[in-house]
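Asks: Structure below; questions to follow.
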Amino acid sequence: MRVPCITGGLIVATWLSAARAAGPYQATGVKVGEVTDRSAIVWVRLTEKPERNPGPAEFPKTLPGDAMSVQSLPGECPGAAGQIRLRYGEREDLADAAATGWVKVAADDDYTHEFHLTNLKPATLYHYEALPRPADGAAQGQPLRGSFRTAPPPDQPASVSFTVITGQAYRDLDDPAGFLIYDAMGRLKPNFFVPTGDTVYYDNDPPYATSPALARYHWHRMYSLPRLVRFHLAVPGLWEKDDHDTVFNDCWPGMQPAAAGSLTFAEGCRIFRQQVPMSDQTYRTFRWGKLLQVWLVEGRDFRSPNRLPDGPDKTIWGEQQKKWLQDTLLASDAAWRVLVSPTPIVGPDRGNKADNHANATFAHEGQWFRRWAAQHCPGNFFVACGDRHWQYHSVDPKTGVQEFSCGPASDRHAGGSPGHDPAYHRFHRVKGGFLSIAVTPGEAATSTIHFRFHDVAGEVVYEHHQTR
């Protein structure tokens with residue numbers, strides 16, 4: 001599958017030339033994550049072939065779950081044992097590069113490895129290459145090359161931009177090469193992006209993930225799409241998970257629906273961590289200079305069963321995460337604070353939903369947090385959320401807390417909105433696209449935060465900004 005270069009000629013040229021080198025290969029690309037002013041995580045995976053299996057992605061809902069049956073599926077990228085190392089430096093030609101040792105990858109970790117880079121320089125553009133070779137070390141394959149920029153120090157005012165996405169249903173792809181939003185986001189050159197969850201759909205994207213092997217297949221076919229491979233070589237990410245990419249719709253710990261087969265909640269959590277570069281803790285916060293701090297919350301690992309009666313003991317976040325969230329929000333001196341949530345906190349949502357803070361089933365915790373945020377974070381706190389299949393800017397009528405829902409990855413995946421609610425909505429659109437958030441320094445120690453909703457081609461369809 002070949003598509004024109006959007007995000008950089010050198011990156012795409014090195015990726016395409018991989019098909020002309022000896023294996024093993026990297027058909028599922030490289031992902032960089034958790035970038036700070038001093039560190040980053042680089043995720044790699046070795047594959048048998050330079051490209052995904054060919055063929056149309058049309059499946060029955062269920063397939064045999066054994067690993068051998070998965071190897072030949074269209075879009076699959078069978079893994080390969082081998083070795084890999086990373087070279088990285090400030091020069092594009094890597095003449096100044098530092099190098100890791102060679103690391104073996106094997107089936108136990110789906111042929112993946114994470115390089116944890118430390119002692120990096122703040123506000124610095126780093127170039128890297130991930131270089132594979134066979135398990136016996138006899139030859140070297142073709143590297144994949146990319147880049148990322150570290151954050152500025154916490155006391156340095158600096159411009160920053162990032163994008164937020166959700167709802168990557170493979171059945172609703174809007175182009176065979178991958179979702180159109182990836183090229184649109186790439187043209188903005190964001191410092192990072194946040195997939196808020198539902199990155200893959202185990203439970204309703206055929207073939208359903210009724211085994212760990214089929215769950216991993218969902219990741220392989222998604223992240224071997226050419227647009228996604230290109231984008232991730234140029235833009236680092238901060239990944240969150242939600243229900244569909246954990247095990248099943250509206251799931252909680254211990255839930256085991258029959259339709260999930262042998263895929264358990266615990267195994268779904270392990271596979272998610274295996275497929276993306278992320279910290280040991282699934283809730284975390286990141287600082288980008290003096291002007292912006294971002295919080296990522298975990299909405300599945302600690303939640304009460306949705307069916308329990310609501311009350312002070314029912315929770316999505318768990319007591320430890322709630323204390324961490326309060327403590328870190330209060331301690332922050334960033335000019336702007338943005339909480340990125342896999343699910344809505346303000347809404348409004350459909351009346352038949354039962355798994356987020358905008359629903360009656362978790363109303364107690366939702367009301368508590370909105371009131372707390374309004375009292376302790378006035379004027380510079382916002383929520384960006386995923387999960388919902390429509391875009392909106394809402395303001396909670398009781399507390400004034402603002403929420404921006406990024407919308408699904410394609411127009412085909414849009415729908416389900418309860419409709420425009422004038423008591424909440426400043427903007428409401430039932431289409432696909434993404435949300436971009438940018439902070440720019442101004443004069444006399446002021447700064448402005450910009451929220452922009454984009455359609456799938458990247459055109460701005462709504463904008464909101466505030467200055468302080």
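Scheme for the structure tokens: letters A, B, ... for chains in order shown; per-chain residue numbers from 1; ligand numbers from 1 in order shown.
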Can you pull out the residues contacting segment 336-338 of chain A? Cut-off 6 Å, using only C-alpha atoms, and skip same-chain residues under 6 positions away; I want them as a list in words.
Replies: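 Skipping anything fewer than 6 positions along the chain leaves Leu291, Leu292, Gln293, Val294, Asn380, Phe381, Phe382 and Val383 of chain A.
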Asks: At most 10 Å is the cut-off: for each residue in segment 259-352 of chain A with any atom that close to an atom of segment 44-64 of chain A, write down the nearest atom pair and the distance in Å rounded to one decimal, counting only C-alpha atoms, chain first then increasing number, as a tab-separated table.
Replies:
```
residue	atom	partner	partner_atom	distance
A:Ala259	CA	A:Thr62	CA	9.4
A:Gln275	CA	A:Arg45	CA	9.0
A:Val276	CA	A:Val44	CA	9.2
A:Pro277	CA	A:Val44	CA	9.0
```
Asks: Using only C-alpha atoms, find the one residue out of A:Ala331, A:Val229, A:Leu214, A:Val200 that sits nearest to Gly186 of chain A.
Replies: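 Of all the options, A:Val229 lies closest to Gly186 of chain A.
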Asks: Could you list, as a VMD selection string, every residue within 8 Å of Ala99 of chain A, counting only C-alpha atoms and ignoring same-chain residues fewer than 6 positions away?
Replies: chain A and resid 85 to 88
Asks: Atoms to include: C-alpha atoms. Write the selected residues as a compact mmCIF listing (two decimals), in the first residue's frame.
Replies:
```txt
# COMPACT_ATOMS: atom_id res chain seq x y z
CA ARG A 85 18.69 -1.28 18.90
CA LEU A 86 17.99 2.43 18.90
CA ARG A 87 20.28 5.25 17.82
CA TYR A 88 19.27 8.82 18.67
```
Asks: Could you pull the residues within 7 Å of segment 101-104 of chain A, counting only C-alpha atoms, minus those fewer than 3 positions along the same chain, as a list in words?
Replies: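 Listing them by chain and then by number gives Gly82, Gln83, Ile84 and Arg85 of chain A.
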Asks: Grab the atom CA of Ala177 of chain A to atom CA of His232 of chain A distance for me, in Å with one decimal place.
Replies: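 For atom CA of Ala177 of chain A relative to atom CA of His232 of chain A, the distance reads 14.3 Å.
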Asks: For the atom pair atom CA of Asp349 of chain A and atom CA of Gly197 of chain A, what is the interatomic distance in Å to one decimal place?
Replies: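 Here the two named atoms are 17.4 Å from each other.
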